[in-house]
$ cat input06.pdb   # PDB, C-alpha atoms, pLDDT in the B column
ATOM      1  CA  MET A   1      78.876  54.737 120.327  1.00 60.00           C
ATOM      2  CA  ALA A   2      77.600  51.350 119.137  1.00 71.00           C
ATOM      3  CA  PHE A   3      77.664  52.172 115.423  1.00 81.00           C
ATOM      4  CA  VAL A   4      78.944  54.844 113.056  1.00 94.00           C
ATOM      5  CA  THR A   5      76.234  55.333 110.439  1.00 97.00           C
ATOM      6  CA  ALA A   6      72.435  55.401 110.638  1.00 98.00           C
ATOM      7  CA  TYR A   7      70.708  54.820 107.312  1.00 98.00           C
ATOM      8  CA  VAL A   8      67.248  56.394 107.385  1.00 98.00           C
ATOM      9  CA  HIS A   9      64.792  55.546 104.605  1.00 98.00           C
ATOM     10  CA  ARG A  10      61.331  54.098 103.991  1.00 97.00           C
ATOM     11  CA  ARG A  11      61.395  50.605 105.435  1.00 96.00           C
ATOM     12  CA  ASN A  12      57.730  50.064 106.315  1.00 94.00           C
ATOM     13  CA  THR A  13      56.575  49.870 102.707  1.00 96.00           C
ATOM     14  CA  ARG A  14      55.898  47.273 100.034  1.00 96.00           C
ATOM     15  CA  ASN A  15      57.172  49.558  97.265  1.00 98.00           C
ATOM     16  CA  VAL A  16      60.179  47.644  95.947  1.00 98.00           C
ATOM     17  CA  GLY A  17      61.866  50.805  94.674  1.00 98.00           C
ATOM     18  CA  ASP A  18      61.650  52.614  98.006  1.00 97.00           C
ATOM     19  CA  LEU A  19      63.001  49.581  99.816  1.00 97.00           C
ATOM     20  CA  ALA A  20      66.036  49.427  97.513  1.00 98.00           C
ATOM     21  CA  SER A  21      66.928  53.144  97.623  1.00 98.00           C
ATOM     22  CA  SER A  22      69.228  53.343 100.654  1.00 98.00           C
ATOM     23  CA  PRO A  23      72.961  53.609  99.892  1.00 98.00           C
ATOM     24  CA  GLY A  24      73.516  51.483 102.978  1.00 98.00           C
ATOM     25  CA  ASP A  25      72.591  48.402 100.965  1.00 98.00           C
ATOM     26  CA  TYR A  26      75.504  48.958  98.577  1.00 98.00           C
ATOM     27  CA  LEU A  27      78.254  50.972 100.299  1.00 97.00           C
ATOM     28  CA  ASP A  28      80.353  50.521 103.422  1.00 94.00           C
ATOM     29  CA  LEU A  29      80.456  53.595 105.644  1.00 95.00           C
ATOM     30  CA  GLY A  30      81.428  51.691 108.758  1.00 94.00           C
ATOM     31  CA  PRO A  31      79.306  49.847 111.356  1.00 96.00           C
ATOM     32  CA  HIS A  32      75.696  50.770 110.745  1.00 97.00           C
ATOM     33  CA  ARG A  33      72.015  50.294 111.479  1.00 97.00           C
ATOM     34  CA  PHE A  34      68.898  50.945 109.411  1.00 98.00           C
ATOM     35  CA  PHE A  35      65.963  53.076 110.559  1.00 98.00           C
ATOM     36  CA  ASP A  36      62.603  54.168 109.207  1.00 98.00           C
ATOM     37  CA  PHE A  37      61.788  57.881 109.086  1.00 97.00           C
ATOM     38  CA  GLN A  38      59.480  57.466 112.081  1.00 96.00           C
ATOM     39  CA  ASP A  39      62.263  56.017 114.254  1.00 98.00           C
ATOM     40  CA  ASP A  40      64.278  58.035 116.736  1.00 97.00           C
ATOM     41  CA  VAL A  41      67.951  57.623 115.833  1.00 98.00           C
ATOM     42  CA  PRO A  42      70.342  57.222 118.780  1.00 97.00           C
ATOM     43  CA  ASP A  43      73.821  58.725 119.082  1.00 96.00           C
ATOM     44  CA  CYS A  44      75.852  58.158 115.924  1.00 97.00           C
ATOM     45  CA  ARG A  45      78.535  59.851 113.897  1.00 96.00           C
ATOM     46  CA  LEU A  46      76.519  60.093 110.678  1.00 97.00           C
ATOM     47  CA  ALA A  47      72.864  59.880 109.617  1.00 98.00           C
ATOM     48  CA  VAL A  48      72.287  59.224 105.909  1.00 98.00           C
ATOM     49  CA  LEU A  49      68.750  60.128 104.836  1.00 98.00           C
ATOM     50  CA  GLY A  50      67.253  58.810 101.587  1.00 97.00           C
ATOM     51  CA  GLY A  51      66.926  58.037  98.823  1.00 94.00           C
ATOM     52  CA  GLY A  52      63.525  58.133  97.173  1.00 96.00           C
ATOM     53  CA  GLN A  53      60.738  60.694  96.927  1.00 97.00           C
ATOM     54  CA  VAL A  54      61.152  61.582 100.601  1.00 98.00           C
ATOM     55  CA  PHE A  55      61.966  65.301 100.723  1.00 98.00           C
ATOM     56  CA  ARG A  56      59.468  66.145 103.468  1.00 98.00           C
ATOM     57  CA  ASP A  57      60.304  62.974 105.398  1.00 98.00           C
ATOM     58  CA  CYS A  58      63.898  64.208 105.467  1.00 98.00           C
ATOM     59  CA  VAL A  59      62.856  67.638 106.723  1.00 98.00           C
ATOM     60  CA  ARG A  60      60.863  66.128 109.591  1.00 98.00           C
ATOM     61  CA  SER A  61      63.701  63.743 110.415  1.00 98.00           C
ATOM     62  CA  VAL A  62      66.383  66.411 110.703  1.00 97.00           C
ATOM     63  CA  ILE A  63      64.119  68.478 112.961  1.00 97.00           C
ATOM     64  CA  ALA A  64      63.265  65.629 115.326  1.00 97.00           C
ATOM     65  CA  GLN A  65      64.439  62.045 114.768  1.00 97.00           C
ATOM     66  CA  THR A  66      68.135  62.550 113.868  1.00 98.00           C
ATOM     67  CA  ARG A  67      69.101  65.345 116.261  1.00 97.00           C
ATOM     68  CA  ARG A  68      71.606  63.089 118.055  1.00 97.00           C
ATOM     69  CA  ALA A  69      73.682  62.430 114.937  1.00 97.00           C
ATOM     70  CA  ASP A  70      76.958  64.363 114.695  1.00 97.00           C
ATOM     71  CA  ARG A  71      76.496  64.881 110.940  1.00 97.00           C
ATOM     72  CA  ARG A  72      73.559  64.445 108.586  1.00 98.00           C
ATOM     73  CA  VAL A  73      73.549  63.848 104.840  1.00 98.00           C
ATOM     74  CA  VAL A  74      70.693  63.729 102.316  1.00 98.00           C
ATOM     75  CA  TRP A  75      71.473  61.178  99.598  1.00 98.00           C
ATOM     76  CA  GLY A  76      69.731  60.929  96.219  1.00 98.00           C
ATOM     77  CA  VAL A  77      66.384  62.297  97.365  1.00 98.00           C
ATOM     78  CA  GLY A  78      63.670  63.578  95.021  1.00 98.00           C
ATOM     79  CA  ILE A  79      64.036  67.349  95.460  1.00 98.00           C
ATOM     80  CA  SER A  80      62.321  69.498  92.850  1.00 96.00           C
ATOM     81  CA  PRO A  81      63.393  73.019  91.812  1.00 95.00           C
ATOM     82  CA  LYS A  82      60.293  74.264  93.654  1.00 95.00           C
ATOM     83  CA  ASP A  83      61.386  72.390  96.788  1.00 97.00           C
ATOM     84  CA  ALA A  84      64.835  73.988  96.508  1.00 97.00           C
ATOM     85  CA  GLY A  85      63.235  77.412  96.905  1.00 97.00           C
ATOM     86  CA  SER A  86      61.169  76.501  99.963  1.00 98.00           C
ATOM     87  CA  ILE A  87      61.523  77.120 103.689  1.00 98.00           C
ATOM     88  CA  GLU A  88      61.711  73.344 104.160  1.00 98.00           C
ATOM     89  CA  PHE A  89      64.816  73.267 101.971  1.00 98.00           C
ATOM     90  CA  ASP A  90      66.379  76.030 104.054  1.00 98.00           C
ATOM     91  CA  ILE A  91      65.824  73.809 107.095  1.00 98.00           C
ATOM     92  CA  LEU A  92      67.626  70.933 105.373  1.00 97.00           C
ATOM     93  CA  GLN A  93      70.519  73.177 104.409  1.00 97.00           C
ATOM     94  CA  GLY A  94      70.813  74.406 107.964  1.00 97.00           C
ATOM     95  CA  HIS A  95      70.920  70.931 109.470  1.00 97.00           C
ATOM     96  CA  CYS A  96      72.834  68.858 106.889  1.00 98.00           C
ATOM     97  CA  ALA A  97      76.494  68.763 105.917  1.00 98.00           C
ATOM     98  CA  LEU A  98      75.758  67.547 102.358  1.00 98.00           C
ATOM     99  CA  LEU A  99      72.666  67.496 100.139  1.00 98.00           C
ATOM    100  CA  SER A 100      72.117  65.525  96.947  1.00 98.00           C
ATOM    101  CA  SER A 101      69.134  64.832  94.733  1.00 98.00           C
ATOM    102  CA  ARG A 102      68.277  62.210  92.134  1.00 98.00           C
ATOM    103  CA  ASN A 103      66.742  65.067  90.106  1.00 98.00           C
ATOM    104  CA  TRP A 104      68.782  66.700  87.359  1.00 98.00           C
ATOM    105  CA  GLY A 105      69.077  70.468  87.261  1.00 95.00           C
ATOM    106  CA  VAL A 106      68.163  71.281  90.866  1.00 96.00           C
ATOM    107  CA  PRO A 107      70.140  74.237  92.256  1.00 94.00           C
ATOM    108  CA  LYS A 108      72.150  74.078  95.486  1.00 94.00           C
ATOM    109  CA  VAL A 109      72.476  70.257  95.563  1.00 97.00           C
ATOM    110  CA  ASP A 110      74.711  67.593  94.041  1.00 98.00           C
ATOM    111  CA  TYR A 111      73.090  65.485  91.333  1.00 98.00           C
ATOM    112  CA  VAL A 112      73.285  61.879  92.578  1.00 98.00           C
ATOM    113  CA  PRO A 113      70.920  59.323  90.988  1.00 98.00           C
ATOM    114  CA  CYS A 114      69.337  56.631  93.144  1.00 98.00           C
ATOM    115  CA  ALA A 115      71.980  54.477  94.839  1.00 98.00           C
ATOM    116  CA  SER A 116      70.184  51.306  93.720  1.00 98.00           C
ATOM    117  CA  ALA A 117      72.223  51.542  90.498  1.00 98.00           C
ATOM    118  CA  LEU A 118      75.137  50.215  92.582  1.00 98.00           C
ATOM    119  CA  SER A 119      73.417  46.839  92.917  1.00 98.00           C
ATOM    120  CA  PRO A 120      75.316  43.926  91.337  1.00 98.00           C
ATOM    121  CA  LEU A 121      72.001  42.832  89.804  1.00 98.00           C
ATOM    122  CA  PHE A 122      72.756  45.118  86.845  1.00 98.00           C
ATOM    123  CA  GLU A 123      76.048  43.440  85.988  1.00 94.00           C
ATOM    124  CA  ALA A 124      74.753  40.261  84.344  1.00 91.00           C
ATOM    125  CA  PRO A 125      71.039  40.649  83.613  1.00 94.00           C
ATOM    126  CA  PRO A 126      69.223  37.809  81.840  1.00 92.00           C
ATOM    127  CA  PRO A 127      68.460  38.270  78.136  1.00 95.00           C
ATOM    128  CA  PRO A 128      65.020  39.471  76.994  1.00 98.00           C
ATOM    129  CA  ARG A 129      62.260  36.874  76.785  1.00 98.00           C
ATOM    130  CA  HIS A 130      59.388  39.099  75.610  1.00 98.00           C
ATOM    131  CA  PRO A 131      59.081  41.898  73.045  1.00 98.00           C
ATOM    132  CA  VAL A 132      57.298  44.146  75.599  1.00 98.00           C
ATOM    133  CA  VAL A 133      56.642  44.023  79.343  1.00 98.00           C
ATOM    134  CA  LEU A 134      54.527  46.349  81.501  1.00 98.00           C
ATOM    135  CA  PHE A 135      55.788  47.369  84.961  1.00 98.00           C
ATOM    136  CA  THR A 136      53.106  49.325  86.803  1.00 98.00           C
ATOM    137  CA  HIS A 137      52.820  51.436  89.932  1.00 98.00           C
ATOM    138  CA  ALA A 138      50.541  49.575  92.330  1.00 97.00           C
ATOM    139  CA  THR A 139      48.416  52.608  93.268  1.00 97.00           C
ATOM    140  CA  LYS A 140      48.720  54.914  90.222  1.00 97.00           C
ATOM    141  CA  SER A 141      47.630  52.665  87.353  1.00 97.00           C
ATOM    142  CA  ASP A 142      43.825  52.720  87.250  1.00 95.00           C
ATOM    143  CA  GLY A 143      43.867  54.591  83.943  1.00 95.00           C
ATOM    144  CA  MET A 144      46.534  52.443  82.311  1.00 97.00           C
ATOM    145  CA  VAL A 145      45.455  50.537  79.215  1.00 97.00           C
ATOM    146  CA  ARG A 146      46.310  46.841  79.331  1.00 97.00           C
ATOM    147  CA  VAL A 147      47.125  44.870  76.196  1.00 98.00           C
ATOM    148  CA  PRO A 148      46.393  41.119  76.163  1.00 97.00           C
ATOM    149  CA  GLY A 149      49.563  39.068  75.924  1.00 98.00           C
ATOM    150  CA  ILE A 150      51.913  41.684  77.416  1.00 98.00           C
ATOM    151  CA  PRO A 151      53.301  40.395  80.744  1.00 98.00           C
ATOM    152  CA  GLU A 152      52.688  42.706  83.709  1.00 98.00           C
ATOM    153  CA  ARG A 153      54.138  43.134  87.185  1.00 98.00           C
ATOM    154  CA  SER A 154      53.631  45.903  89.744  1.00 98.00           C
ATOM    155  CA  ASN A 155      56.124  47.607  92.035  1.00 98.00           C
ATOM    156  CA  ARG A 156      54.375  46.264  95.141  1.00 98.00           C
ATOM    157  CA  GLY A 157      55.984  43.370  96.957  1.00 96.00           C
ATOM    158  CA  GLY A 158      58.726  40.985  95.956  1.00 97.00           C
ATOM    159  CA  THR A 159      62.423  41.746  95.856  1.00 97.00           C
ATOM    160  CA  MET A 160      64.582  44.004  93.761  1.00 98.00           C
ATOM    161  CA  ALA A 161      66.068  40.883  92.176  1.00 97.00           C
ATOM    162  CA  GLU A 162      62.606  39.770  91.055  1.00 98.00           C
ATOM    163  CA  ALA A 163      61.797  43.236  89.704  1.00 98.00           C
ATOM    164  CA  ILE A 164      65.082  43.424  87.793  1.00 98.00           C
ATOM    165  CA  ASP A 165      64.548  39.949  86.341  1.00 98.00           C
ATOM    166  CA  PHE A 166      61.106  41.001  85.116  1.00 98.00           C
ATOM    167  CA  LEU A 167      62.310  44.303  83.636  1.00 98.00           C
ATOM    168  CA  ALA A 168      65.218  42.585  81.916  1.00 98.00           C
ATOM    169  CA  SER A 169      62.821  40.081  80.373  1.00 98.00           C
ATOM    170  CA  GLY A 170      61.441  42.761  78.036  1.00 98.00           C
ATOM    171  CA  GLU A 171      63.161  44.113  74.943  1.00 98.00           C
ATOM    172  CA  THR A 172      60.956  47.158  75.597  1.00 98.00           C
ATOM    173  CA  VAL A 173      59.740  48.179  79.059  1.00 99.00           C
ATOM    174  CA  VAL A 174      56.554  50.225  79.399  1.00 99.00           C
ATOM    175  CA  THR A 175      56.255  51.636  82.918  1.00 98.00           C
ATOM    176  CA  ASN A 176      54.657  54.312  85.077  1.00 98.00           C
ATOM    177  CA  SER A 177      56.943  53.458  88.011  1.00 98.00           C
ATOM    178  CA  TYR A 178      59.874  55.780  88.753  1.00 98.00           C
ATOM    179  CA  HIS A 179      62.192  52.918  89.621  1.00 98.00           C
ATOM    180  CA  GLY A 180      60.786  50.828  86.785  1.00 98.00           C
ATOM    181  CA  THR A 181      61.893  53.611  84.433  1.00 98.00           C
ATOM    182  CA  TYR A 182      65.263  54.096  86.113  1.00 98.00           C
ATOM    183  CA  TRP A 183      66.125  50.419  86.401  1.00 98.00           C
ATOM    184  CA  ALA A 184      65.051  49.650  82.831  1.00 98.00           C
ATOM    185  CA  MET A 185      67.314  52.462  81.575  1.00 98.00           C
ATOM    186  CA  CYS A 186      70.164  51.121  83.735  1.00 98.00           C
ATOM    187  CA  LEU A 187      69.589  47.709  82.128  1.00 98.00           C
ATOM    188  CA  GLY A 188      69.899  49.235  78.665  1.00 98.00           C
ATOM    189  CA  ARG A 189      66.356  48.312  77.650  1.00 98.00           C
ATOM    190  CA  ARG A 190      64.185  50.356  75.357  1.00 98.00           C
ATOM    191  CA  VAL A 191      61.890  52.339  77.646  1.00 98.00           C
ATOM    192  CA  LEU A 192      58.495  53.980  77.253  1.00 99.00           C
ATOM    193  CA  CYS A 193      57.617  55.956  80.383  1.00 98.00           C
ATOM    194  CA  VAL A 194      54.004  56.748  81.307  1.00 98.00           C
ATOM    195  CA  PRO A 195      54.353  59.553  83.889  1.00 98.00           C
ATOM    196  CA  PHE A 196      51.689  60.355  86.489  1.00 97.00           C
ATOM    197  CA  ASN A 197      53.433  63.439  87.938  1.00 96.00           C
ATOM    198  CA  ARG A 198      56.414  65.741  87.475  1.00 95.00           C
ATOM    199  CA  LYS A 199      59.000  63.535  89.154  1.00 97.00           C
ATOM    200  CA  PHE A 200      59.513  61.661  85.885  1.00 98.00           C
ATOM    201  CA  HIS A 201      60.686  64.868  84.186  1.00 97.00           C
ATOM    202  CA  PHE A 202      63.925  65.190  86.167  1.00 98.00           C
ATOM    203  CA  PHE A 203      66.000  62.339  84.731  1.00 98.00           C
ATOM    204  CA  ARG A 204      69.214  63.656  83.202  1.00 97.00           C
ATOM    205  CA  ASP A 205      68.566  61.452  80.161  1.00 96.00           C
ATOM    206  CA  ALA A 206      64.829  61.838  79.706  1.00 96.00           C
ATOM    207  CA  PRO A 207      62.947  58.712  78.601  1.00 98.00           C
ATOM    208  CA  VAL A 208      60.419  58.743  75.782  1.00 98.00           C
ATOM    209  CA  MET A 209      56.983  59.398  77.292  1.00 98.00           C
ATOM    210  CA  ALA A 210      53.378  58.547  76.446  1.00 98.00           C
ATOM    211  CA  GLY A 211      49.966  58.778  78.088  1.00 98.00           C
ATOM    212  CA  PRO A 212      48.234  56.009  80.066  1.00 98.00           C
ATOM    213  CA  GLU A 213      45.632  55.460  77.331  1.00 97.00           C
ATOM    214  CA  ASP A 214      47.730  55.876  74.178  1.00 97.00           C
ATOM    215  CA  TRP A 215      50.975  54.098  75.109  1.00 98.00           C
ATOM    216  CA  PRO A 216      50.278  51.005  72.955  1.00 98.00           C
ATOM    217  CA  ALA A 217      50.459  53.191  69.840  1.00 98.00           C
ATOM    218  CA  ALA A 218      53.752  54.704  71.059  1.00 98.00           C
ATOM    219  CA  ILE A 219      55.715  51.490  71.708  1.00 98.00           C
ATOM    220  CA  ALA A 220      57.707  51.902  68.502  1.00 98.00           C
ATOM    221  CA  ARG A 221      59.021  55.245  69.814  1.00 98.00           C
ATOM    222  CA  ALA A 222      60.657  53.690  72.907  1.00 98.00           C
ATOM    223  CA  GLU A 223      64.409  54.279  73.095  1.00 98.00           C
ATOM    224  CA  ARG A 224      67.483  53.159  74.990  1.00 98.00           C
ATOM    225  CA  ARG A 225      69.559  55.602  76.998  1.00 97.00           C
ATOM    226  CA  VAL A 226      73.285  54.882  76.815  1.00 96.00           C
ATOM    227  CA  GLY A 227      75.528  55.293  79.846  1.00 97.00           C
ATOM    228  CA  VAL A 228      72.847  55.713  82.527  1.00 98.00           C
ATOM    229  CA  LEU A 229      74.218  52.942  84.750  1.00 98.00           C
ATOM    230  CA  ASP A 230      77.873  53.998  84.534  1.00 98.00           C
ATOM    231  CA  ASP A 231      77.030  57.646  85.200  1.00 98.00           C
ATOM    232  CA  ALA A 232      74.809  56.800  88.178  1.00 98.00           C
ATOM    233  CA  ARG A 233      77.472  54.585  89.729  1.00 98.00           C
ATOM    234  CA  ALA A 234      80.234  57.136  89.236  1.00 98.00           C
ATOM    235  CA  ARG A 235      78.198  59.946  90.798  1.00 98.00           C
ATOM    236  CA  ASN A 236      77.275  57.809  93.817  1.00 98.00           C
ATOM    237  CA  LEU A 237      80.904  56.857  94.380  1.00 98.00           C
ATOM    238  CA  ARG A 238      82.048  60.474  94.143  1.00 98.00           C
ATOM    239  CA  PHE A 239      79.404  61.484  96.660  1.00 98.00           C
ATOM    240  CA  ARG A 240      80.475  58.595  98.920  1.00 98.00           C
ATOM    241  CA  ASP A 241      83.986  60.042  98.959  1.00 98.00           C
ATOM    242  CA  LYS A 242      82.582  63.395 100.108  1.00 98.00           C
ATOM    243  CA  VAL A 243      80.613  61.671 102.843  1.00 98.00           C
ATOM    244  CA  LEU A 244      83.623  59.688 104.028  1.00 96.00           C
ATOM    245  CA  ASN A 245      85.435  62.959 104.642  1.00 95.00           C
ATOM    246  CA  LEU A 246      82.775  63.779 107.259  1.00 93.00           C
ATOM    247  CA  ILE A 247      83.289  60.665 109.352  1.00 87.00           C
TER     248      ILE A 247
END
$ encode --input "input06.pdb" --output "structure tokens"
Amino acid sequence: MAFVTAYVHRRNTRNVGDLASSPGDYLDLGPHRFFDFQDDVPDCRLAVLGGGQVFRDCVRSVIAQTRRADRRVVWGVGISPKDAGSIEFDILQGHCALLSSRNWGVPKVDYVPCASALSPLFEAPPPPRHPVVLFTHATKSDGMVRVPGIPERSNRGGTMAEAIDFLASGETVVTNSYHGTYWAMCLGRRVLCVPFNRKFHFFRDAPVMAGPEDWPAAIARAERRVGVLDDARARNLRFRDKVLNLI
């Protein structure tokens, strides 16, 4: 066996949050290789699937692409309460040794926020340079109001380091990106989230929310969430210990 762990996540994407979601970028579970969900995974001791909003990708992968892995684990994936009651979830349960979700309050899984919180980029962020910054989703922002003078960056392209530097540059972060919201909370910035679907409603510490057209009037309501980074790191490390017991 050439390696121990296969990390399976979205690799053929320009979404900076998806690219940064694999625990394999932050934790050592032995010799490893990375794979996209479309790749067939060869013989290995462990396949780690996730994170990100990839519930159905994980279901397809355990049925077909990761059959040769001795054990399979779902790590920090966006699983909704509705998903947890589905036939697809039953398939995951039947094929995986451990299941975890980045969503709070989902039955039958461990709550494990996105592993990207383990990045050292959060340990010494630069100080704010702007009162407000806007971090947008590249394909979900057509209805977002723009305000002249507020710096903007999208979640498409670039590196996590560049995204974190931009988010940290704002005293307040306005964002309709899941990872923009999560990372800004991990940075301790005031956050105003502009959700475009239900996935934004499953943070344990819910951000203040506003609509895509009225967010400028709601900036003063943005709030910090204390302890998000420490909690996310602790939960990922506890889940790592469970996974290590499988190897």
$ closest_residue --input "input06.pdb" --among "A:Met185, A:Ala115, A:Leu192, A:Cys96" --to "Ala218 in chain A" --atoms "only C-alpha atoms"
A:Leu192
$ residues_near_point --input "input06.pdb" --point "(66.2, 57.2, 107.7)" --cutoff "10 Å" --atoms "only C-alpha atoms" --output "PDB file with C-alpha atoms, keeping the file's coordinate frame"
ATOM      1  CA  ALA A   6      72.435  55.401 110.638  1.00 98.00           C
ATOM      2  CA  TYR A   7      70.708  54.820 107.312  1.00 98.00           C
ATOM      3  CA  VAL A   8      67.248  56.394 107.385  1.00 98.00           C
ATOM      4  CA  HIS A   9      64.792  55.546 104.605  1.00 98.00           C
ATOM      5  CA  ARG A  10      61.331  54.098 103.991  1.00 97.00           C
ATOM      6  CA  ARG A  11      61.395  50.605 105.435  1.00 96.00           C
ATOM      7  CA  SER A  22      69.228  53.343 100.654  1.00 98.00           C
ATOM      8  CA  ARG A  33      72.015  50.294 111.479  1.00 97.00           C
ATOM      9  CA  PHE A  34      68.898  50.945 109.411  1.00 98.00           C
ATOM     10  CA  PHE A  35      65.963  53.076 110.559  1.00 98.00           C
ATOM     11  CA  ASP A  36      62.603  54.168 109.207  1.00 98.00           C
ATOM     12  CA  PHE A  37      61.788  57.881 109.086  1.00 97.00           C
ATOM     13  CA  GLN A  38      59.480  57.466 112.081  1.00 96.00           C
ATOM     14  CA  ASP A  39      62.263  56.017 114.254  1.00 98.00           C
ATOM     15  CA  ASP A  40      64.278  58.035 116.736  1.00 97.00           C
ATOM     16  CA  VAL A  41      67.951  57.623 115.833  1.00 98.00           C
ATOM     17  CA  ALA A  47      72.864  59.880 109.617  1.00 98.00           C
ATOM     18  CA  VAL A  48      72.287  59.224 105.909  1.00 98.00           C
ATOM     19  CA  LEU A  49      68.750  60.128 104.836  1.00 98.00           C
ATOM     20  CA  GLY A  50      67.253  58.810 101.587  1.00 97.00           C
ATOM     21  CA  GLY A  51      66.926  58.037  98.823  1.00 94.00           C
ATOM     22  CA  VAL A  54      61.152  61.582 100.601  1.00 98.00           C
ATOM     23  CA  ASP A  57      60.304  62.974 105.398  1.00 98.00           C
ATOM     24  CA  CYS A  58      63.898  64.208 105.467  1.00 98.00           C
ATOM     25  CA  SER A  61      63.701  63.743 110.415  1.00 98.00           C
ATOM     26  CA  VAL A  62      66.383  66.411 110.703  1.00 97.00           C
ATOM     27  CA  GLN A  65      64.439  62.045 114.768  1.00 97.00           C
ATOM     28  CA  THR A  66      68.135  62.550 113.868  1.00 98.00           C
ATOM     29  CA  VAL A  74      70.693  63.729 102.316  1.00 98.00           C
TER      30      VAL A  74
END
$ closest_residue --input "input06.pdb" --among "A:Asn12, A:Gln93, A:Thr136, A:Thr5" --to "Ile63 in chain A" --atoms "all atoms listed in the file"
A:Gln93
$ residues_around --input "input06.pdb" --residues "Gly143 in chain A" --least-positions-apart "4" --cutoff "10 Å" --atoms "all atoms listed in the file" --output "ChimeraX atom specification"
/A:211-213
$ write_last_selection --input "input06.pdb" --atoms "C-alpha atoms" --output "PDB file, in the coordinates of the input"
ATOM      1  CA  GLY A 211      49.966  58.778  78.088  1.00 98.00           C
ATOM      2  CA  PRO A 212      48.234  56.009  80.066  1.00 98.00           C
ATOM      3  CA  GLU A 213      45.632  55.460  77.331  1.00 97.00           C
TER       4      GLU A 213
END
$ closest_residue --input "input06.pdb" --among "A:Gly78, A:Pro207, A:Gly24, A:Pro126" --to "Ala222 in chain A" --atoms "all atoms listed in the file"
A:Pro207
$ residues_around --input "input06.pdb" --residues "range 121-123 of chain A" --least-positions-apart "2" --cutoff "7 Å" --atoms "all atoms listed in the file" --output "MDAnalysis selection string"
chainID A and resid 119 125 161 187
$ residues_around --input "input06.pdb" --residues "Met160 in chain A" --least-positions-apart "4" --cutoff "7 Å" --atoms "only C-alpha atoms" --output "ChimeraX atom specification"
/A:16,20,164
$ closest_residue --input "input06.pdb" --among "A:Arg14, A:Leu167, A:Phe55, A:Cys186" --to "Arg233 in chain A" --atoms "all atoms listed in the file"
A:Cys186
$ closest_residue --input "input06.pdb" --among "A:Pro107, A:Pro151, A:Gly17, A:Pro113" --to "His179 in chain A" --atoms "all atoms listed in the file"
A:Gly17
$ closest_residue --input "input06.pdb" --among "A:Ile150, A:Pro216, A:Val133, A:Asp205" --to "Trp104 in chain A" --atoms "only C-alpha atoms"
A:Asp205
$ atom_distance --input "input06.pdb" --atom1 "CA of Asn155 in chain A" --atom2 "CA of Thr175 in chain A"
10.0 Å
$ residues_around --input "input06.pdb" --residues "Phe196 in chain A" --least-positions-apart "6" --cutoff "10 Å" --atoms "only C-alpha atoms" --output "VMD selection string"
chain A and resid 137 140 to 141 176 to 178 211 to 212
$ residues_around --input "input06.pdb" --residues "range 26-28 of chain A" --least-positions-apart "3" --cutoff "9 Å" --atoms "all atoms listed in the file" --output "PyMOL selection string"
chain A and resi 22-23+31-32+115-116+118-120+237+240
